[in-house]
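Visitor: Dropping the structure in here first, questions after.
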Amino acid sequence: MYLLFCKSCQFFHSEFIREDDEEKFWKFVDTIQMFTSLSLESVRSYYNLIIKKAGQFLTDLQVNLLKLSLSLRAYSPAVHAFQQIARDEPPPDGCAAFVVVHGQNACSTKDMKKLLKTAAGRPRPYLYKSDHQYPGVNGTDLPVAVLYAEIGTKEFNTFHKVLSERAQDGKLIYVLRHFVSEQKNEKMLLSGYGVELAIKSTEYKAVDDTQVKVTTDNVDENDEVQGFLFGKLKKSHPELQEELGELRKHLLESTNDMTPLKVWELQGGQAAVIDGPLLQSLTRVAVNQDMKKEIEENQKVSESMGIHPGDAGLFINGIHVDLDLHNPFSILDILRTEAKILQGLHSLGIRGSSISKFLHLPSSTTLEDGYALDIRHTSIMWVNDIEKDSMYRHWPSSLQELLRATFPGVIRQIRRNFYNLVLFLDPVQEESIELVKLAELFYKHNIPLRIGFVLVVSADDKVDGYLDAGVALFRLLNYISEEYDEAQAFTSMIFNRVEVGETLSVDTVTAYLKKKFPKANAARILGVDSSYDDNRKAGRGFYRKSGLGALPIGLFNGVPLSSEEMDPEELETVLLQKIMETTNFFQRAITESVDVVDFLMEQANVVPRINPLILSSERRYLDFTSSPGSPLMTPPDPNQCQYQSVISPYHCHCNNHTISAISITIISSCHYHQYSLLQYVLYGGTVWIVADIEQPPGRQLLQNALKHMKSSSSSCRVGVINNPSGKPTEDNSSLYRAIWASLLTQSSKNTLDFTLKLLKEENVELLKQGTKIKHLLKQVSGGMDHDAFEKKFNTMEVDFLHSQQKYCKEVLKLKAGQRAVVSNGRILSLLDEEEEFSVEDFHLLEKITLRTSAEKIKSKIKGKLKPVITVHRANDLIMKVDALLTSSPKGEARKDVKLLKDKHSVLQLAQREDEVFYDVVAIVDPLTRDAQKLAPLLVVLGQVVNMKVQVFMNCRAKLSEMPLKSFYQYVLEPDVSFFGNNSLSPGPVAHFTEIPESPLLTLNMITPESWMVEAVRSPYDLDNIHLQEISGVVNAEYELEYLLLEGHCFDLSTGQPPRGLQFTLGMRQEPLMHDTIVMANLGYFQLKANPGAWILRLREGRSEDLYQIQAHDGTDSPLDAGDVIVVLNSFHSKIIKVRVQKKPDKLNEDLLSEGTESKGLWDSITSFAGGPSVDEDDKKKDVLNIFSVASGHLYERFLRIMMLSVLQHTKTPVKFWFLKNYLSPSFKDTISHMAKAYGFQYELVQYKWPRWLHQQTEKQRIIWGYKILFLDVLFPLAVDKIIFVDADQIVRADIKELRDLDLEGAPYGYTPFCDSRKEMEGYRFWKTGYWASHLGQRKYHISALYVVDLKKFRKIAAGDRLRGQYQALSQDPNSLSNLDQDLPNNMIHQVAIKSLPQEWLWCETWCDDRSKAAAKTIDLCNNPKTKEPKLSAAVRIVPEWSKYDNEIKQFLKQGQTCQYFVHSSREGYKCLYWPFL
């Protein structure tokens, strides 16, 4: 609700386009220059023009999604985040646009140029991930210029012209951030949320009888009932106000019969689809039995997907959209991602139902750290074999042992090679010594770990054991292994003789050999003619081919261990942890007859070589689809290109040098000849070699690729694109042109042979020395057509080389001469000339490419081939489809939702033909809240995108109560709306019409998880809406107050959450704006903020003294950054992880020890602040802290009276803490005046119910939860004790006595229920059944009044225990019926309760009249026997209640005109200043 629109709507268009492509963003920015100066006839005209301009870079489908995003205001947070970052600079006065250069700003290009000259002497600015960085050289040593401006304005254009030119020339880094200098405080209406009117129970009347005065401004002109616009009728006929009101009431009542339904009316066969509560008449409609039977059969299938009768499921192209987790913003993201795939497949010629088959192809992408090497290699010297060695013969070998229960942490000793450790070592390295000793420790302690070594030693035949200690050890171990056994060879490792800090020497080896084996011939073992040198080279060869990093390195079941894990101090723990994790895998995956090692090495993550460049999860792909604004959109004139090739189709002679033409030329499908004897073969892989073929590294790369292609196992074709280091000419491109000429004139086999021979360095040298190509041809060719080759070579121009060079620069983003390998569109850039890409790397690359999805795509396309001539284009199609699918974000596997029958119970809507469409399946019970959400969502999505829709009914067979007890509106529109005069509509609203007037309703906002909203304007009691008593329209306005930042925090040393740790959130100019406390449950914390860049710090004081932040995830700053920066720039939830560690000198100190906080906690806990600030003197005063909650005008009326009664009976300063979440606007408006008049302090505390904690749906139960579940995090650490007092209580004593009461070690004290009123004995549920047995001799306590020792409460983690128990019990809807009361009583054995003296809470329902005189508080608790309304009970039971009530009424009445009050005990309160005096 904080949005500038629509004169700045180009911001939101640009952000939408930026998510698609950063380059398109800058093109769009260039397109809309000077837009804000245009004089258009209306806002709608301006909006349509911007949409049209955006359409140049978007497809029609994307334009529809753009309109939906604008309706949702989806990019408002992103734009406002930039605005907040600008304010933190801060912006210079009078500048519509300004540039910041390394901390100093300028309002003109002249001043900017001066700042750029001196920029090197100032620190570089921090750049955010969301920043718009102009494409250019962007070197790390260049100055950074950050432009804050409104795109499309004159000021922006002035700066942009200079900055973009300099960025292109490589003189600076140009960054753009949106900024509006004169921002209007317009508030626009948001959408993407739900509004619920829930029917309340009227068993106990809890409605305020105070009449609400409503001004005529509150009449809604669009108040429509059955076609009558009563707002306009009342304006046109003011004399008929009363009669029109009666007519409106009659029409509503005639169409909304709310007579309660009987249970038998809800039973099977009598259900109907409605929007809202059940209509009585529909229960008489019999359900078709064929439909009922079909639903039951389909439910058998849906239950296998985890969707039970009554549940809902939404699937978009097979992606499961959980309606409890997803909102319109996340659904928009799904639609955008899917749009790219759908349109890509459509543009590649894959249409209709075929698209679904490609979408559902399983992808086996593996994370970088999950790849494993095959450990079945002959060079590995295995020390032991768990399955064969006699030392393990007593161990059981059955796999059933894996399932045997053990104590946590116990490693099962089973005679199978489940766990395998291979260590690659250079024996001469110092680090090898400790690793061998650790391995020996595992071996001697009978850990079921198979251990092997690969000794990487010199492979030089001239080096013997007397020259190299590594070779000496290798030969010695071979000798012992052959003459004795492997185990003895291992135990004979001589590293125990090497001192710490020293390395192995030849002398050590020879001395050991002489001592242990005195009869052995040392020369025959260690010398030049050693008989024990077999496989010496194999170890180094295996290590080199494996691609592993620096030695030493280990493999656990083939998976490489990181350098941190290889630390000898960590390795023992790491291995034990991996053994436990792998046990869980085996328990689920393996069968009895399988060889364990073979099973492990046949897993999908096993690769022949580890190359981080290939296996990295960060991948860049070419876009082969024709999207607007992309280089491929505009095809060249086919007459200007010759498409001929043999190995590669990418050498096309083009005169048109636009990027579009070059891209089409290079990528277009042409005739291929690969290394195959068959004429027509489908290949899963297409590899491009991009290099300067005139240079040795480029030639080597092409040679390796062709050698790989020639291997029998290869399933790829190879193309080559030349990327020359300089400007290509005939003189410096003869080698490449020779290859090219052969491609155009020779057969596949001859071309391949010729190319491989030509690439040999001796032949290249001959060319350089001036040897004519025709002479060289005779030496290297066999069977070639010489005449055709020479003719083509001599007449060839170099235009195509210029095209390829431009393609490498503009599309592949390579520097001149830089090498790259492109595999099915995936770009692997080789940054270093020395970086090798071997034949083995090509083997690995092909295996990864084929396994991920290419092989599956190939099989799909193969099944669709019709004429033989399509094979060539089919190979291109495989490449393009693979690039499209593998570059798409990976999520949960798609589900193929197909139910058995769809004749009677399925609603089907067909898609528009010949267009891209979404396949949408909805499974729903019409009588659920999910159906209320789903119906409007599908309607809007149907207006935005082309959909094929199937809606399966999933009704429950029997109902015992009314399934729907609420009316629901989803606020969502497909596009921005305008009025008839073309002015902008303020936005969508939830508009309820034809609501029955008899039930009592409560209004609930169903918003995305990250939203914190509050009611800001409504004179009505939104908790108790009774339309019978209201004339006119009930209006309520809510505001999005904050976005939520959530996180989880853990101590690195202990792995546990640091309970009580405090974080602060602020900006550079104002470091402390919000703060919070970490709870023990999942280390959870939450902070409220608005869009912008925030700095997260440990709170000054004890948190900062004891701890330091060590690592963080999900933030926007590097791991090693001093400040933790978090950017909130979307409506999506932001969840971060923070890891902290105690400072070395504070390891033994407790964060929650006595005397924890020393400074400023009272008023600096600003995340809770709602009242006046507290000065330094007040912090030292003795203050009573009273906590209470209220919802609805009646309970707020009670709350004010409770406050007065507390203040009347104490001389101690009082601070009230109110839960802000459910307070009405009127209460929040008046509480500050009341605080001034009566001299108390107050704060409004606010906490969002955590998403991981089981959600309640009824408002009353949510409020009960807030009373008990978050006591440890709602209040600052400085608050020692808090007293909860129910809103409907009247205090008759000094509550300071209760605070000072000794709780005898318990964290809180409650008053037990009275036993003295004997006539209520039958209602005392706690005396029988579960409660009687659970409590034993203890009492059941009432939650209307309790005192909490917060220090003790936090110390024993009471809050975390309560939340844990709540999480377990609340899954059962029948438990915790009185949540705030039942939970602490249920936990009485784990969290002790101090029973307060009975006089602290008197309640007429349970306490007899004699005890009333001693009562210190009176609670107006409900009476289940009489069900007397609260108000009448208050007047009857508490004589002073009416006096308090009248005083408050008088205060509020005069408060409408009086602005300042002073309270005194004699005069009550008096008004000191009147506005009209």
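Naming scheme: A, B, ... for chains in displayed order of the structure tokens; residues 1 onward per chain; ligands 1 onward as shown.
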Within 10 Å of segment 561-563 of chain A, counting only C-alpha atoms, which residues show up once you throw out same-chain ones fewer than 6 positions away? Write them as a PyMOL selection string, please.

Guide: chain A and resi 369+423+549-555+571+574-575

Visitor: What does the file look like for those residues with N, CA and C atoms, as a PDB file, in the first residue's frame?

Guide:
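The result, stored in part-v2.pdb:
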```pdb
ATOM      1  N   ASP A 369      28.788 -31.103  -5.120  1.00  0.00           N
ATOM      2  CA  ASP A 369      29.466 -31.875  -4.088  1.00  0.00           C
ATOM      3  C   ASP A 369      28.916 -33.304  -3.984  1.00  0.00           C
ATOM      4  N   LEU A 423      42.481 -42.753   0.099  1.00  0.00           N
ATOM      5  CA  LEU A 423      43.321 -41.582   0.329  1.00  0.00           C
ATOM      6  C   LEU A 423      44.365 -41.475  -0.780  1.00  0.00           C
ATOM      7  N   GLY A 549      41.764 -32.251  -6.956  1.00  0.00           N
ATOM      8  CA  GLY A 549      42.590 -31.093  -6.626  1.00  0.00           C
ATOM      9  C   GLY A 549      43.891 -31.473  -5.958  1.00  0.00           C
ATOM     10  N   ALA A 550      44.414 -30.519  -5.179  1.00  0.00           N
ATOM     11  CA  ALA A 550      45.733 -30.688  -4.568  1.00  0.00           C
ATOM     12  C   ALA A 550      45.736 -31.837  -3.563  1.00  0.00           C
ATOM     13  N   LEU A 551      46.890 -32.530  -3.490  1.00  0.00           N
ATOM     14  CA  LEU A 551      47.073 -33.611  -2.519  1.00  0.00           C
ATOM     15  C   LEU A 551      47.328 -33.023  -1.133  1.00  0.00           C
ATOM     16  N   PRO A 552      47.020 -33.760  -0.069  1.00  0.00           N
ATOM     17  CA  PRO A 552      46.298 -35.034  -0.067  1.00  0.00           C
ATOM     18  C   PRO A 552      44.790 -34.819  -0.214  1.00  0.00           C
ATOM     19  N   ILE A 553      44.130 -35.843  -0.728  1.00  0.00           N
ATOM     20  CA  ILE A 553      42.671 -35.757  -0.869  1.00  0.00           C
ATOM     21  C   ILE A 553      42.092 -37.141  -0.646  1.00  0.00           C
ATOM     22  N   GLY A 554      40.879 -37.178  -0.105  1.00  0.00           N
ATOM     23  CA  GLY A 554      40.237 -38.452   0.192  1.00  0.00           C
ATOM     24  C   GLY A 554      38.900 -38.583  -0.507  1.00  0.00           C
ATOM     25  N   LEU A 555      38.501 -39.837  -0.732  1.00  0.00           N
ATOM     26  CA  LEU A 555      37.183 -40.135  -1.292  1.00  0.00           C
ATOM     27  C   LEU A 555      36.435 -41.002  -0.299  1.00  0.00           C
ATOM     28  N   LEU A 571      38.657 -34.812  10.356  1.00  0.00           N
ATOM     29  CA  LEU A 571      38.354 -35.954   9.503  1.00  0.00           C
ATOM     30  C   LEU A 571      37.670 -37.090  10.263  1.00  0.00           C
ATOM     31  N   VAL A 574      34.098 -36.201  10.659  1.00  0.00           N
ATOM     32  CA  VAL A 574      33.458 -36.176   9.338  1.00  0.00           C
ATOM     33  C   VAL A 574      33.142 -37.594   8.871  1.00  0.00           C
ATOM     34  N   LEU A 575      34.106 -38.498   9.022  1.00  0.00           N
ATOM     35  CA  LEU A 575      33.905 -39.866   8.550  1.00  0.00           C
ATOM     36  C   LEU A 575      32.812 -40.574   9.344  1.00  0.00           C
TER      37      LEU A 575
END
```

Visitor: According to DSSP computed on the backbone, where in segment 34-244 of chain A is there alpha helix (DSSP H)? Give the residues as a PyMOL selection string.

Guide: chain A and resi 43-54+60-72+76-87+109-117+154-168+230-236+241-244

Visitor: Using only C-alpha atoms, find each residue of segment 895-996 of chain A with at least one atom at most 10 Å away from an atom of segment 1006-1021 of chain A; report its shortest atom-to-atom pair and that distance in Å (one decimal), sort the rows by chain and rising residue number, and return the result as CSV.

Guide:
```
residue,atom,partner,partner_atom,distance
A:Tyr968,CA,A:Ile1006,CA,9.6
A:Gln969,CA,A:Ile1006,CA,9.8
A:Tyr970,CA,A:Ile1006,CA,9.0
```

Visitor: Restrict the selected residues to N, CA and C atoms and save them as a tab-separated table (two decimals), in the first residue's frame.

Guide:
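Saved to again31.tsv:
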```
chain	number	residue	atom	x	y	z
A	968	TYR	N	-15.91	-15.70	1.81
A	968	TYR	CA	-14.51	-15.46	1.44
A	968	TYR	C	-14.43	-14.71	0.12
A	969	GLN	N	-13.54	-13.74	0.05
A	969	GLN	CA	-13.25	-13.03	-1.19
A	969	GLN	C	-11.75	-13.03	-1.42
A	970	TYR	N	-11.34	-13.40	-2.64
A	970	TYR	CA	-9.94	-13.34	-3.02
A	970	TYR	C	-9.75	-12.05	-3.81
```

Visitor: Compile the contact shell of Glu997 of chain A as a list in words: residues with an atom at most 7 Å away, counting only C-alpha atoms, same-chain residues fewer than 2 positions apart removed.

Guide: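 What passes the distance filter is Glu253, Ile995, Pro999, His1026, Leu1027 and Gln1028 of chain A.
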
Visitor: With only C-alpha atoms as the atoms that count, which of A:Gly1032, A:Lys515, A:Lys1351, A:Val1273 lies nearest to Phe230 of chain A?

Guide: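 With only C-alpha atoms as the atom set, the closest residue is A:Gly1032.
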
Visitor: Please provide the set of residues having any atom within 10 Å of Phe82 of chain A, restricted to only C-alpha atoms, with same-chain residues fewer than 6 positions apart removed, written as a list in words.

Guide: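 Neighbouring residues, sequence-local ones excluded: Asp88, Ser130, Asp131, Tyr148, Leu176, Arg177, His178, Phe179, Val180, Pro1091, Gly1092, Ala1093, Val1127 and Asn1129 of chain A.
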
Visitor: With all heavy atoms retained, could you export that selection as an mmCIF file, in the first residue's frame?

Guide:
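To be explicit, this is the file written out as again_1.cif:
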```
data_model
loop_
_atom_site.group_PDB
_atom_site.id
_atom_site.type_symbol
_atom_site.label_atom_id
_atom_site.label_comp_id
_atom_site.auth_asym_id
_atom_site.auth_seq_id
_atom_site.Cartn_x
_atom_site.Cartn_y
_atom_site.Cartn_z
ATOM 1 N N ASP A 88 19.287 6.659 2.080
ATOM 2 C CA ASP A 88 20.385 6.376 3.005
ATOM 3 C C ASP A 88 21.703 6.976 2.528
ATOM 4 O O ASP A 88 22.690 6.960 3.255
ATOM 5 C CB ASP A 88 20.516 4.853 3.168
ATOM 6 C CG ASP A 88 21.182 4.461 4.467
ATOM 7 O OD1 ASP A 88 21.007 5.192 5.456
ATOM 8 O OD2 ASP A 88 21.872 3.430 4.502
ATOM 9 N N SER A 130 20.546 -6.947 -6.760
ATOM 10 C CA SER A 130 19.434 -6.410 -7.540
ATOM 11 C C SER A 130 19.816 -5.175 -8.345
ATOM 12 O O SER A 130 18.980 -4.618 -9.066
ATOM 13 C CB SER A 130 18.267 -6.061 -6.606
ATOM 14 O OG SER A 130 18.691 -5.154 -5.598
ATOM 15 N N ASP A 131 21.057 -4.709 -8.225
ATOM 16 C CA ASP A 131 21.490 -3.528 -8.970
ATOM 17 C C ASP A 131 21.464 -3.790 -10.474
ATOM 18 O O ASP A 131 21.706 -4.906 -10.937
ATOM 19 C CB ASP A 131 22.924 -3.130 -8.561
ATOM 20 C CG ASP A 131 22.934 -2.274 -7.306
ATOM 21 O OD1 ASP A 131 21.943 -1.570 -7.062
ATOM 22 O OD2 ASP A 131 23.935 -2.320 -6.575
ATOM 23 N N TYR A 148 21.320 7.502 -9.493
ATOM 24 C CA TYR A 148 19.974 7.478 -8.911
ATOM 25 C C TYR A 148 19.108 8.401 -9.754
ATOM 26 O O TYR A 148 19.317 9.622 -9.761
ATOM 27 C CB TYR A 148 19.991 7.972 -7.467
ATOM 28 C CG TYR A 148 20.704 7.038 -6.512
ATOM 29 C CD1 TYR A 148 22.076 7.156 -6.267
ATOM 30 C CD2 TYR A 148 20.015 6.026 -5.849
ATOM 31 C CE1 TYR A 148 22.727 6.299 -5.396
ATOM 32 C CE2 TYR A 148 20.661 5.168 -4.977
ATOM 33 C CZ TYR A 148 22.019 5.320 -4.756
ATOM 34 O OH TYR A 148 22.645 4.464 -3.890
ATOM 35 N N LEU A 176 22.678 1.537 -12.196
ATOM 36 C CA LEU A 176 21.453 2.351 -12.120
ATOM 37 C C LEU A 176 20.570 1.870 -10.984
ATOM 38 O O LEU A 176 20.342 0.658 -10.831
ATOM 39 C CB LEU A 176 20.691 2.254 -13.447
ATOM 40 C CG LEU A 176 19.283 2.876 -13.464
ATOM 41 C CD1 LEU A 176 19.343 4.387 -13.235
ATOM 42 C CD2 LEU A 176 18.569 2.564 -14.783
ATOM 43 N N ARG A 177 20.082 2.834 -10.192
ATOM 44 C CA ARG A 177 19.087 2.554 -9.160
ATOM 45 C C ARG A 177 17.925 3.529 -9.323
ATOM 46 O O ARG A 177 18.145 4.721 -9.483
ATOM 47 C CB ARG A 177 19.702 2.676 -7.754
ATOM 48 C CG ARG A 177 20.743 1.611 -7.459
ATOM 49 C CD ARG A 177 21.462 1.827 -6.143
ATOM 50 N NE ARG A 177 22.513 0.838 -5.938
ATOM 51 C CZ ARG A 177 23.478 0.948 -5.028
ATOM 52 N NH1 ARG A 177 23.528 2.019 -4.233
ATOM 53 N NH2 ARG A 177 24.391 -0.002 -4.897
ATOM 54 N N HIS A 178 16.708 3.002 -9.265
ATOM 55 C CA HIS A 178 15.527 3.838 -9.457
ATOM 56 C C HIS A 178 15.414 4.876 -8.336
ATOM 57 O O HIS A 178 15.640 4.568 -7.158
ATOM 58 C CB HIS A 178 14.263 2.986 -9.471
ATOM 59 C CG HIS A 178 14.247 1.954 -10.558
ATOM 60 N ND1 HIS A 178 14.337 2.274 -11.887
ATOM 61 C CD2 HIS A 178 14.147 0.599 -10.515
ATOM 62 C CE1 HIS A 178 14.291 1.173 -12.613
ATOM 63 N NE2 HIS A 178 14.187 0.143 -11.805
ATOM 64 N N PHE A 179 15.027 6.077 -8.714
ATOM 65 C CA PHE A 179 14.903 7.148 -7.719
ATOM 66 C C PHE A 179 13.938 8.208 -8.235
ATOM 67 O O PHE A 179 14.039 8.645 -9.383
ATOM 68 C CB PHE A 179 16.274 7.778 -7.449
ATOM 69 C CG PHE A 179 16.220 9.026 -6.611
ATOM 70 C CD1 PHE A 179 15.833 8.970 -5.281
ATOM 71 C CD2 PHE A 179 16.554 10.264 -7.152
ATOM 72 C CE1 PHE A 179 15.789 10.121 -4.509
ATOM 73 C CE2 PHE A 179 16.510 11.411 -6.395
ATOM 74 C CZ PHE A 179 16.132 11.342 -5.060
ATOM 75 N N VAL A 180 12.977 8.587 -7.385
ATOM 76 C CA VAL A 180 12.058 9.691 -7.695
ATOM 77 C C VAL A 180 12.305 10.779 -6.665
ATOM 78 O O VAL A 180 12.149 10.550 -5.464
ATOM 79 C CB VAL A 180 10.588 9.225 -7.651
ATOM 80 C CG1 VAL A 180 9.655 10.391 -7.955
ATOM 81 C CG2 VAL A 180 10.360 8.101 -8.647
ATOM 82 N N PRO A 1091 10.675 -2.349 2.488
ATOM 83 C CA PRO A 1091 11.610 -2.601 1.397
ATOM 84 C C PRO A 1091 12.844 -1.713 1.492
ATOM 85 O O PRO A 1091 12.752 -0.523 1.804
ATOM 86 C CB PRO A 1091 10.784 -2.259 0.145
ATOM 87 C CG PRO A 1091 9.384 -2.496 0.552
ATOM 88 C CD PRO A 1091 9.309 -2.078 1.982
ATOM 89 N N GLY A 1092 13.996 -2.302 1.244
ATOM 90 C CA GLY A 1092 15.242 -1.551 1.313
ATOM 91 C C GLY A 1092 16.404 -2.463 1.625
ATOM 92 O O GLY A 1092 16.268 -3.683 1.716
ATOM 93 N N ALA A 1093 17.567 -1.849 1.794
ATOM 94 C CA ALA A 1093 18.789 -2.577 2.156
ATOM 95 C C ALA A 1093 19.045 -2.360 3.634
ATOM 96 O O ALA A 1093 19.225 -1.217 4.078
ATOM 97 C CB ALA A 1093 19.967 -2.097 1.319
ATOM 98 N N VAL A 1127 18.612 -7.433 1.754
ATOM 99 C CA VAL A 1127 17.783 -6.575 0.902
ATOM 100 C C VAL A 1127 16.377 -7.164 0.829
ATOM 101 O O VAL A 1127 16.210 -8.324 0.444
ATOM 102 C CB VAL A 1127 18.373 -6.448 -0.513
ATOM 103 C CG1 VAL A 1127 17.439 -5.640 -1.410
ATOM 104 C CG2 VAL A 1127 19.742 -5.781 -0.452
ATOM 105 N N ASN A 1129 13.200 -6.757 -1.219
ATOM 106 C CA ASN A 1129 12.771 -6.097 -2.456
ATOM 107 C C ASN A 1129 11.685 -6.867 -3.187
ATOM 108 O O ASN A 1129 11.534 -6.740 -4.393
ATOM 109 C CB ASN A 1129 13.966 -5.858 -3.383
ATOM 110 C CG ASN A 1129 14.659 -7.141 -3.783
ATOM 111 O OD1 ASN A 1129 14.296 -8.218 -3.315
ATOM 112 N ND2 ASN A 1129 15.652 -7.052 -4.645
#
```

Visitor: Find the distance between atom CA of Gly192 of chain A and atom CA of Ser983 of chain A and write it in Å to one decimal.

Guide: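 It comes out at 22.4 Å.
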
Visitor: Using only C-alpha atoms, pick whichever of A:Tyr1195, A:Asn417, A:Ser715, A:Phe978 has the shortest atom-to-atom distance to Lys388 of chain A.

Guide: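 Smallest distance to Lys388 of chain A is found for A:Asn417.
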
Visitor: Please list as number ranges by chain every residue within 10 Å of Thr510 of chain A, counting only C-alpha atoms and excluding residues in the same chain fewer than 3 positions away.

Guide: A: 465-466, 469, 472-473, 476, 505-507, 513-515, 522-523, 526

Visitor: Using backbone DSSP assignments, extract all strand (DSSP E) residues from segment 1181-1325 of chain A; output them as a ChimeraX atom specification.

Guide: /A:1184-1188,1214-1219,1241-1245,1281-1285,1289-1291,1308-1312
